[in-house]
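J.: Input structure-v7.cif, format and content: mmCIF, C-alpha atoms and all ligand atoms.
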```
data_target
#
loop_
_atom_site.label_atom_id
_atom_site.label_comp_id
_atom_site.auth_asym_id
_atom_site.auth_seq_id
_atom_site.Cartn_x
_atom_site.Cartn_y
_atom_site.Cartn_z
CA MET A 192 -4.16 -13.45 -27.27
CA SER A 193 -5.43 -10.28 -28.80
CA ILE A 194 -5.83 -9.32 -32.41
CA LEU A 195 -6.46 -5.71 -33.34
CA PRO A 196 -9.02 -5.46 -36.14
CA ILE A 197 -8.74 -2.76 -38.81
CA ARG A 198 -11.58 -0.83 -40.41
CA ARG A 199 -11.36 -1.14 -44.19
CA ASP A 200 -13.53 0.87 -46.51
CA ILE A 201 -14.09 -1.35 -49.53
CA ARG A 202 -16.90 -1.71 -51.97
CA PHE A 203 -18.33 -4.58 -53.95
CA SER A 204 -20.18 -4.69 -57.20
CA LEU A 205 -22.87 -7.31 -57.14
CA ALA A 206 -24.48 -8.50 -60.37
CA ALA A 207 -28.14 -7.49 -59.94
CA GLU A 208 -29.36 -10.07 -62.46
CA ARG A 209 -27.76 -12.88 -60.42
CA ILE A 210 -29.34 -11.93 -57.07
CA SER A 211 -31.55 -15.04 -57.02
CA ASP A 212 -29.15 -17.59 -58.45
CA TRP A 213 -25.60 -16.61 -57.62
CA HIS A 214 -24.96 -19.93 -55.85
CA PRO A 215 -24.41 -23.06 -57.99
CA ARG A 216 -26.59 -25.15 -55.65
CA GLY A 217 -29.61 -23.30 -57.00
CA GLN A 218 -32.16 -20.71 -56.01
CA VAL A 219 -33.28 -22.19 -52.68
CA THR A 220 -29.71 -22.21 -51.35
CA THR A 221 -29.16 -18.74 -52.82
CA GLN A 222 -32.28 -17.43 -51.06
CA PHE A 223 -31.19 -19.03 -47.80
CA ILE A 224 -27.88 -17.14 -47.90
CA ASN A 225 -29.66 -13.98 -49.09
CA THR A 226 -31.91 -14.30 -46.05
CA LEU A 227 -28.87 -14.17 -43.77
CA SER A 228 -27.93 -10.86 -45.39
CA LEU A 229 -31.28 -9.40 -44.30
CA PHE A 230 -30.20 -9.65 -40.67
CA PHE A 231 -26.89 -7.84 -41.01
CA PRO A 232 -27.56 -4.09 -41.43
CA VAL A 233 -30.02 -3.86 -38.53
CA GLY A 234 -28.31 -6.56 -36.46
CA GLU A 235 -24.89 -4.98 -36.76
CA ARG A 236 -26.28 -1.57 -35.82
CA PHE A 237 -27.62 -3.23 -32.66
CA PHE A 238 -24.17 -4.73 -31.94
CA ILE A 239 -22.49 -1.35 -32.44
CA GLN A 240 -24.81 0.33 -29.95
CA ALA A 241 -24.46 -2.50 -27.43
CA VAL A 242 -20.65 -2.27 -27.50
CA ARG A 243 -20.53 1.54 -27.67
CA HIS A 244 -22.57 1.76 -24.46
CA TYR A 245 -19.60 0.35 -22.52
CA ARG A 246 -16.94 2.58 -24.02
CA ASP A 247 -16.39 4.60 -20.84
CA GLN A 248 -16.24 1.51 -18.66
CA VAL A 249 -13.30 -0.07 -20.47
CA SER A 250 -9.93 1.16 -19.27
CA ASP A 251 -7.61 -1.04 -21.36
CA PRO A 252 -6.39 1.18 -24.25
CA GLU A 253 -5.89 -1.83 -26.56
CA LEU A 254 -9.47 -2.96 -26.02
CA GLN A 255 -10.63 0.62 -26.59
CA LYS A 256 -8.86 0.62 -29.96
CA ALA A 257 -10.37 -2.76 -30.80
CA MET A 258 -13.85 -1.44 -29.92
CA THR A 259 -13.39 1.50 -32.31
CA ALA A 260 -12.28 -0.85 -35.09
CA PHE A 261 -15.14 -3.25 -34.34
CA ILE A 262 -17.65 -0.41 -34.69
CA GLY A 263 -15.99 0.72 -37.93
CA GLN A 264 -15.99 -2.78 -39.43
CA GLU A 265 -19.61 -3.49 -38.56
CA ALA A 266 -20.64 -0.13 -40.03
CA MET A 267 -18.91 -1.02 -43.32
CA HIS A 268 -20.55 -4.46 -43.35
CA GLY A 269 -23.94 -2.87 -42.76
CA ARG A 270 -23.41 -0.45 -45.66
CA GLU A 271 -22.47 -3.18 -48.13
CA HIS A 272 -25.26 -5.52 -47.01
CA GLU A 273 -27.76 -2.68 -47.37
CA GLU A 274 -26.83 -2.41 -51.05
CA TYR A 275 -27.08 -6.17 -51.36
CA ASN A 276 -30.53 -6.11 -49.74
CA ASP A 277 -31.65 -3.30 -52.07
CA LEU A 278 -30.97 -5.63 -54.99
CA MET A 279 -33.29 -8.21 -53.43
CA GLN A 280 -36.03 -5.65 -53.07
CA GLN A 281 -35.59 -4.52 -56.68
CA ALA A 282 -35.92 -8.14 -57.78
CA GLY A 283 -39.33 -8.41 -56.12
CA LEU A 284 -38.15 -10.20 -52.97
CA PRO A 285 -39.64 -9.04 -49.64
CA ALA A 286 -36.35 -7.66 -48.28
CA VAL A 287 -37.70 -4.41 -46.81
CA ALA A 288 -40.68 -6.10 -45.14
CA LEU A 289 -38.50 -8.77 -43.53
CA GLU A 290 -35.77 -6.33 -42.50
CA ASN A 291 -38.42 -4.16 -40.89
CA ARG A 292 -39.57 -7.11 -38.84
CA VAL A 293 -36.04 -7.75 -37.57
CA LYS A 294 -35.71 -4.04 -36.84
CA ALA A 295 -38.97 -3.95 -34.88
CA LEU A 296 -37.90 -6.95 -32.83
CA LEU A 297 -34.53 -5.39 -31.99
CA GLU A 298 -36.19 -2.07 -31.11
CA ARG A 299 -38.46 -3.88 -28.67
CA ILE A 300 -35.48 -5.66 -27.14
CA LYS A 301 -33.66 -2.33 -26.78
CA ALA A 302 -36.70 -0.84 -25.05
CA VAL A 303 -36.95 -3.55 -22.40
CA ALA A 304 -33.55 -5.23 -22.00
CA PRO A 305 -30.79 -3.72 -19.86
CA PRO A 306 -27.45 -2.92 -21.57
CA SER A 307 -25.84 -6.07 -20.17
CA THR A 308 -28.49 -8.24 -21.86
CA GLN A 309 -28.00 -6.32 -25.10
CA LEU A 310 -24.28 -7.06 -24.86
CA ALA A 311 -25.07 -10.73 -24.06
CA ILE A 312 -27.19 -10.87 -27.23
CA THR A 313 -24.32 -9.30 -29.16
CA ILE A 314 -21.74 -11.86 -28.00
CA ALA A 315 -24.19 -14.71 -28.58
CA LEU A 316 -24.78 -13.64 -32.18
CA GLU A 317 -21.14 -12.76 -32.74
CA HIS A 318 -20.42 -16.39 -31.81
CA TYR A 319 -22.81 -17.36 -34.62
CA THR A 320 -21.20 -15.05 -37.14
CA ALA A 321 -17.78 -16.40 -36.12
CA LEU A 322 -19.00 -19.98 -36.74
CA LEU A 323 -20.55 -18.99 -40.06
CA ALA A 324 -17.36 -17.17 -41.05
CA ASP A 325 -15.20 -20.16 -40.20
CA TRP A 326 -17.48 -22.35 -42.32
CA VAL A 327 -17.30 -19.96 -45.28
CA LEU A 328 -13.50 -19.75 -45.05
CA SER A 329 -12.77 -23.42 -44.31
CA VAL A 330 -15.19 -25.35 -46.51
CA ASP A 331 -14.38 -24.81 -50.15
CA ALA A 332 -17.81 -26.03 -51.30
CA VAL A 333 -19.56 -23.11 -49.59
CA THR A 334 -18.28 -20.52 -52.06
CA ARG A 335 -16.90 -22.60 -54.95
CA ASP A 336 -18.18 -21.56 -58.39
CA THR A 337 -20.31 -18.77 -56.96
CA GLU A 338 -20.70 -15.46 -58.81
CA PRO A 339 -17.46 -13.51 -58.06
CA GLY A 340 -19.03 -10.34 -56.60
CA TYR A 341 -21.17 -12.23 -54.06
CA GLN A 342 -18.28 -14.52 -53.28
CA ALA A 343 -15.98 -11.56 -52.58
CA LEU A 344 -18.51 -9.88 -50.30
CA TRP A 345 -19.12 -13.01 -48.22
CA ARG A 346 -15.40 -13.74 -48.02
CA TRP A 347 -14.55 -10.21 -46.91
CA HIS A 348 -17.31 -10.26 -44.30
CA SER A 349 -16.13 -13.67 -43.06
CA LEU A 350 -12.50 -12.54 -42.80
CA GLU A 351 -13.39 -9.44 -40.80
CA GLU A 352 -15.86 -11.32 -38.59
CA THR A 353 -13.01 -13.67 -37.78
CA GLU A 354 -10.67 -10.77 -37.14
CA HIS A 355 -13.01 -9.08 -34.64
CA LYS A 356 -14.71 -12.17 -33.21
CA ALA A 357 -13.40 -11.64 -29.66
CA VAL A 358 -13.92 -7.87 -29.33
CA ALA A 359 -17.48 -7.80 -27.96
CA TYR A 360 -16.62 -10.85 -25.84
CA ASP A 361 -13.59 -9.10 -24.34
CA VAL A 362 -15.81 -6.12 -23.52
CA TRP A 363 -18.22 -8.51 -21.82
CA ASN A 364 -15.38 -10.02 -19.78
CA ALA A 365 -14.05 -6.58 -18.88
CA VAL A 366 -17.36 -5.16 -17.65
CA MET A 367 -19.05 -8.26 -16.27
CA LYS A 368 -16.18 -10.10 -14.62
CA ASP A 369 -17.22 -9.45 -11.03
CA ARG A 370 -20.90 -10.11 -11.51
CA PRO A 371 -21.98 -13.52 -10.20
CA ARG A 372 -24.77 -13.96 -12.74
CA ALA A 373 -22.60 -13.16 -15.76
CA TYR A 374 -22.24 -16.81 -16.81
CA ALA A 375 -25.94 -17.60 -16.32
CA GLU A 376 -26.94 -14.56 -18.37
CA ARG A 377 -24.48 -15.33 -21.17
CA ALA A 378 -25.59 -18.98 -21.39
CA ALA A 379 -29.33 -18.33 -21.14
CA VAL A 380 -29.18 -15.60 -23.76
CA GLN A 381 -27.29 -17.91 -26.13
CA LEU A 382 -30.02 -20.55 -25.86
CA ILE A 383 -32.80 -18.03 -26.48
CA ALA A 384 -30.90 -16.26 -29.27
CA THR A 385 -30.21 -19.57 -31.00
CA GLY A 386 -33.87 -20.62 -30.93
CA LEU A 387 -35.08 -17.26 -32.12
CA PHE A 388 -32.44 -16.83 -34.80
CA MET A 389 -33.03 -20.31 -36.25
CA ALA A 390 -36.79 -19.83 -36.25
CA LEU A 391 -36.55 -16.45 -37.98
CA VAL A 392 -34.04 -17.64 -40.57
CA SER A 393 -36.27 -20.63 -41.37
CA VAL A 394 -39.49 -18.64 -41.68
CA TYR A 395 -37.85 -15.85 -43.69
CA THR A 396 -36.12 -18.30 -46.03
CA VAL A 397 -39.53 -19.81 -46.82
CA ARG A 398 -40.92 -16.31 -47.46
CA MET A 399 -38.03 -15.49 -49.78
CA VAL A 400 -38.34 -18.78 -51.67
CA ARG A 401 -42.09 -18.26 -52.08
CA ALA A 402 -41.45 -14.86 -53.62
CA ASP A 403 -38.93 -16.31 -56.08
CA ARG A 404 -40.87 -18.15 -58.75
CA LYS A 405 -37.86 -20.10 -59.93
CA ALA A 406 -36.96 -21.41 -56.48
CA ARG A 407 -39.12 -24.49 -56.50
CA GLY A 408 -39.02 -28.21 -56.11
CA LEU A 409 -37.98 -30.79 -53.61
CA LYS A 410 -34.62 -31.24 -55.28
CA GLN A 411 -33.60 -27.68 -54.47
CA TRP A 412 -34.74 -27.99 -50.86
CA ARG A 413 -32.80 -31.24 -50.60
CA SER A 414 -29.75 -29.46 -51.89
CA LEU A 415 -30.11 -26.84 -49.14
CA ALA A 416 -30.54 -29.59 -46.54
CA GLY A 417 -27.29 -31.17 -47.73
CA PHE A 418 -25.61 -27.77 -47.56
CA LEU A 419 -26.60 -27.43 -43.90
CA VAL A 420 -26.51 -30.95 -42.45
CA GLY A 421 -24.32 -32.84 -44.93
CA ARG A 422 -20.78 -33.93 -44.11
CA GLU A 423 -19.42 -30.39 -44.26
CA GLY A 424 -22.75 -28.70 -43.57
CA PHE A 425 -22.95 -25.70 -41.29
CA LEU A 426 -25.14 -27.29 -38.63
CA ARG A 427 -23.20 -30.51 -38.40
CA ARG A 428 -19.83 -28.81 -38.45
CA SER A 429 -20.69 -26.04 -36.01
CA PHE A 430 -22.58 -27.93 -33.33
CA ARG A 431 -19.56 -28.72 -31.14
CA PRO A 432 -17.96 -25.29 -31.38
CA TRP A 433 -21.40 -23.84 -30.61
CA LEU A 434 -21.55 -25.99 -27.46
CA ASP A 435 -18.11 -24.75 -26.37
CA TYR A 436 -19.75 -21.40 -25.70
CA PHE A 437 -21.31 -22.94 -22.60
CA LYS A 438 -17.95 -23.70 -20.96
CA PRO A 439 -17.50 -21.26 -18.10
CA GLY A 440 -14.00 -20.31 -19.30
CA PHE A 441 -14.89 -20.03 -23.00
CA HIS A 442 -13.10 -17.47 -25.17
CA PRO A 443 -13.60 -17.07 -28.97
CA TRP A 444 -9.89 -17.51 -29.75
CA GLN A 445 -9.93 -20.98 -28.20
CA HIS A 446 -11.12 -21.79 -31.72
CA ASP A 447 -7.86 -20.65 -33.22
CA ASN A 448 -8.40 -19.93 -36.91
CA ARG A 449 -6.20 -16.87 -37.14
CA HIS A 450 -4.32 -18.38 -40.10
CA PHE A 451 -7.14 -17.05 -42.30
CA LEU A 452 -6.21 -13.51 -41.32
CA ALA A 453 -2.96 -13.79 -43.27
CA GLU A 454 -4.95 -13.46 -46.49
CA ILE A 455 -6.87 -10.28 -45.56
CA GLU A 456 -4.47 -7.64 -46.87
CA ASP A 457 -3.93 -9.39 -50.22
CA PHE A 458 -7.65 -9.88 -50.54
CA VAL A 459 -8.37 -6.22 -49.82
CA ARG A 460 -5.70 -5.01 -52.28
CA GLY A 461 -7.18 -7.24 -54.98
CA GLN A 462 -10.66 -5.96 -54.27
CA GLN A 463 -9.56 -2.32 -54.28
CA ALA A 464 -7.80 -2.84 -57.63
CA LEU A 465 -10.97 -4.37 -59.01
CA SER A 466 -13.21 -1.50 -57.92
CA ALA A 467 -10.66 1.08 -59.19
CA ALA A 468 -10.71 -0.63 -62.60
CA ALA A 469 -14.52 -0.71 -62.72
FE FE B 1 -20.19 -7.88 -39.63
FE FE B 2 -19.33 -9.02 -36.13
#
```
Rewrite the structure of this file - the entire thing - as structure tokens.
Ligand SMILES: [Fe+2]
Ligand SMILES: [Fe+2]

T.:
Amino acid sequence: MSILPIRRDIRFSLAAERISDWHPRGQVTTQFINTLSLFFPVGERFFIQAVRHYRDQVSDPELQKAMTAFIGQEAMHGREHEEYNDLMQQAGLPAVALENRVKALLERIKAVAPPSTQLAITIALEHYTALLADWVLSVDAVTRDTEPGYQALWRWHSLEETEHKAVAYDVWNAVMKDRPRAYAERAAVQLIATGLFMALVSVYTVRMVRADRKARGLKQWRSLAGFLVGREGFLRRSFRPWLDYFKPGFHPWQHDNRHFLAEIEDFVRGQQALSAAA
């Protein structure tokens, strides 16, 4: 099954004064989600380069088109998350310092890892974004009663991550299919990427919370813990689908959530009308 993503140029207006408390679960949960945003502009640039490297090695014209759309979508996500991250910096949060650390890490990886490993990192992290997107779109409590601008941005990003979730993976299959160590590389990189990503998100969330004087108290941390490991929490809900990645015949659309894609065009029209009226 193949789905052709579409690049959509839309903009969001985020309420600057709500940057640290746009989520009803409080500041710690807000800063946790804000921390995820710090990874996107530099991370998505890395994904774009990893996929673009293989452009000439893909002969399927449909996959070529999907690669172009993937690059376009990730570029738009990066642009909107950059604006989001600027608001954090303006509010006194260490967004630039933390983003620079992610950037330095990715630059080091680019300097030493071959293109196939860079693509393996891309598909590993695209699996993560697909799981996060499915959580955002499926579990009402994740975005319920959140400030509308932030909610719209995370919904849009989740819809498009779902739409293009198989593109980098299809490139991997197309260019790596005859290599005997393809599975071992894909699986090993997922384990390392998971450990590293979780460690960085944890450390950076603590840094962000420390910089936010209102984000204090055990109660708020408990609320974040419930958000992640509670009945519909991300970690609990995503563990099995994360494990599926290690099946030799895994493909992202085996988790078939394409029904969400039916709402994209209406969502985009609504968003465009909103920004035209602003
Ligand atoms: Fe993205
Ligand atoms: Fe993506």

J.: Within 7 Å of ligand FE 2 (chain B) (counting only C-alpha atoms and all ligand atoms), which residues show up? I'd like them as a list of chain:residue names.

T.: A:Glu235, A:Glu265, A:Glu317, A:Thr320, A:Glu352, A:His355, A:Lys356

J.: Around (-20.2, -20.8, -52.2) in the file's own coordinates, what residues are found within 10 Å if you use all atoms listed in the file, given back as number ranges by chain?

T.: A: 213-216, 220-221, 224, 327-328, 330-339, 341-342, 345-346, 418

J.: Just checking: using all atoms listed in the file, which residue out of A:Gly269, A:Gly234, A:Gly263, A:Gly283 ends up closest to A:Leu296?

T.: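 Closest candidate: A:Gly234.
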
J.: Just checking: using all atoms listed in the file, which residue out of A:Asn291, A:Gln255, A:Thr396, A:Gln281 ends up closest to A:Thr226?

T.: A:Thr396

J.: Let me make sure I understand: among A:Arg299, A:Arg209, A:Arg202, A:Arg246, which one has the smallest atom-to-atom distance to A:Glu273 if we use all atoms listed in the file?

T.: A:Arg202

J.: Could you give me, as a tab-separated table, a per-residue list for stretch 204-310 of chain A showing, wherever an atom lies at most 7 Å from an atom of stretch 362-386 of chain A, the closest pair of atoms and their distance in Å to one decimal, using all atoms listed in the file and sorting by chain then residue number from low to high?

T.:
```
residue	atom	partner	partner_atom	distance
A:Gln248	CA	A:Val366	CA	6.8
A:Val249	CA	A:Ala365	CA	6.7
A:Leu310	CA	A:Trp363	CA	6.9
```
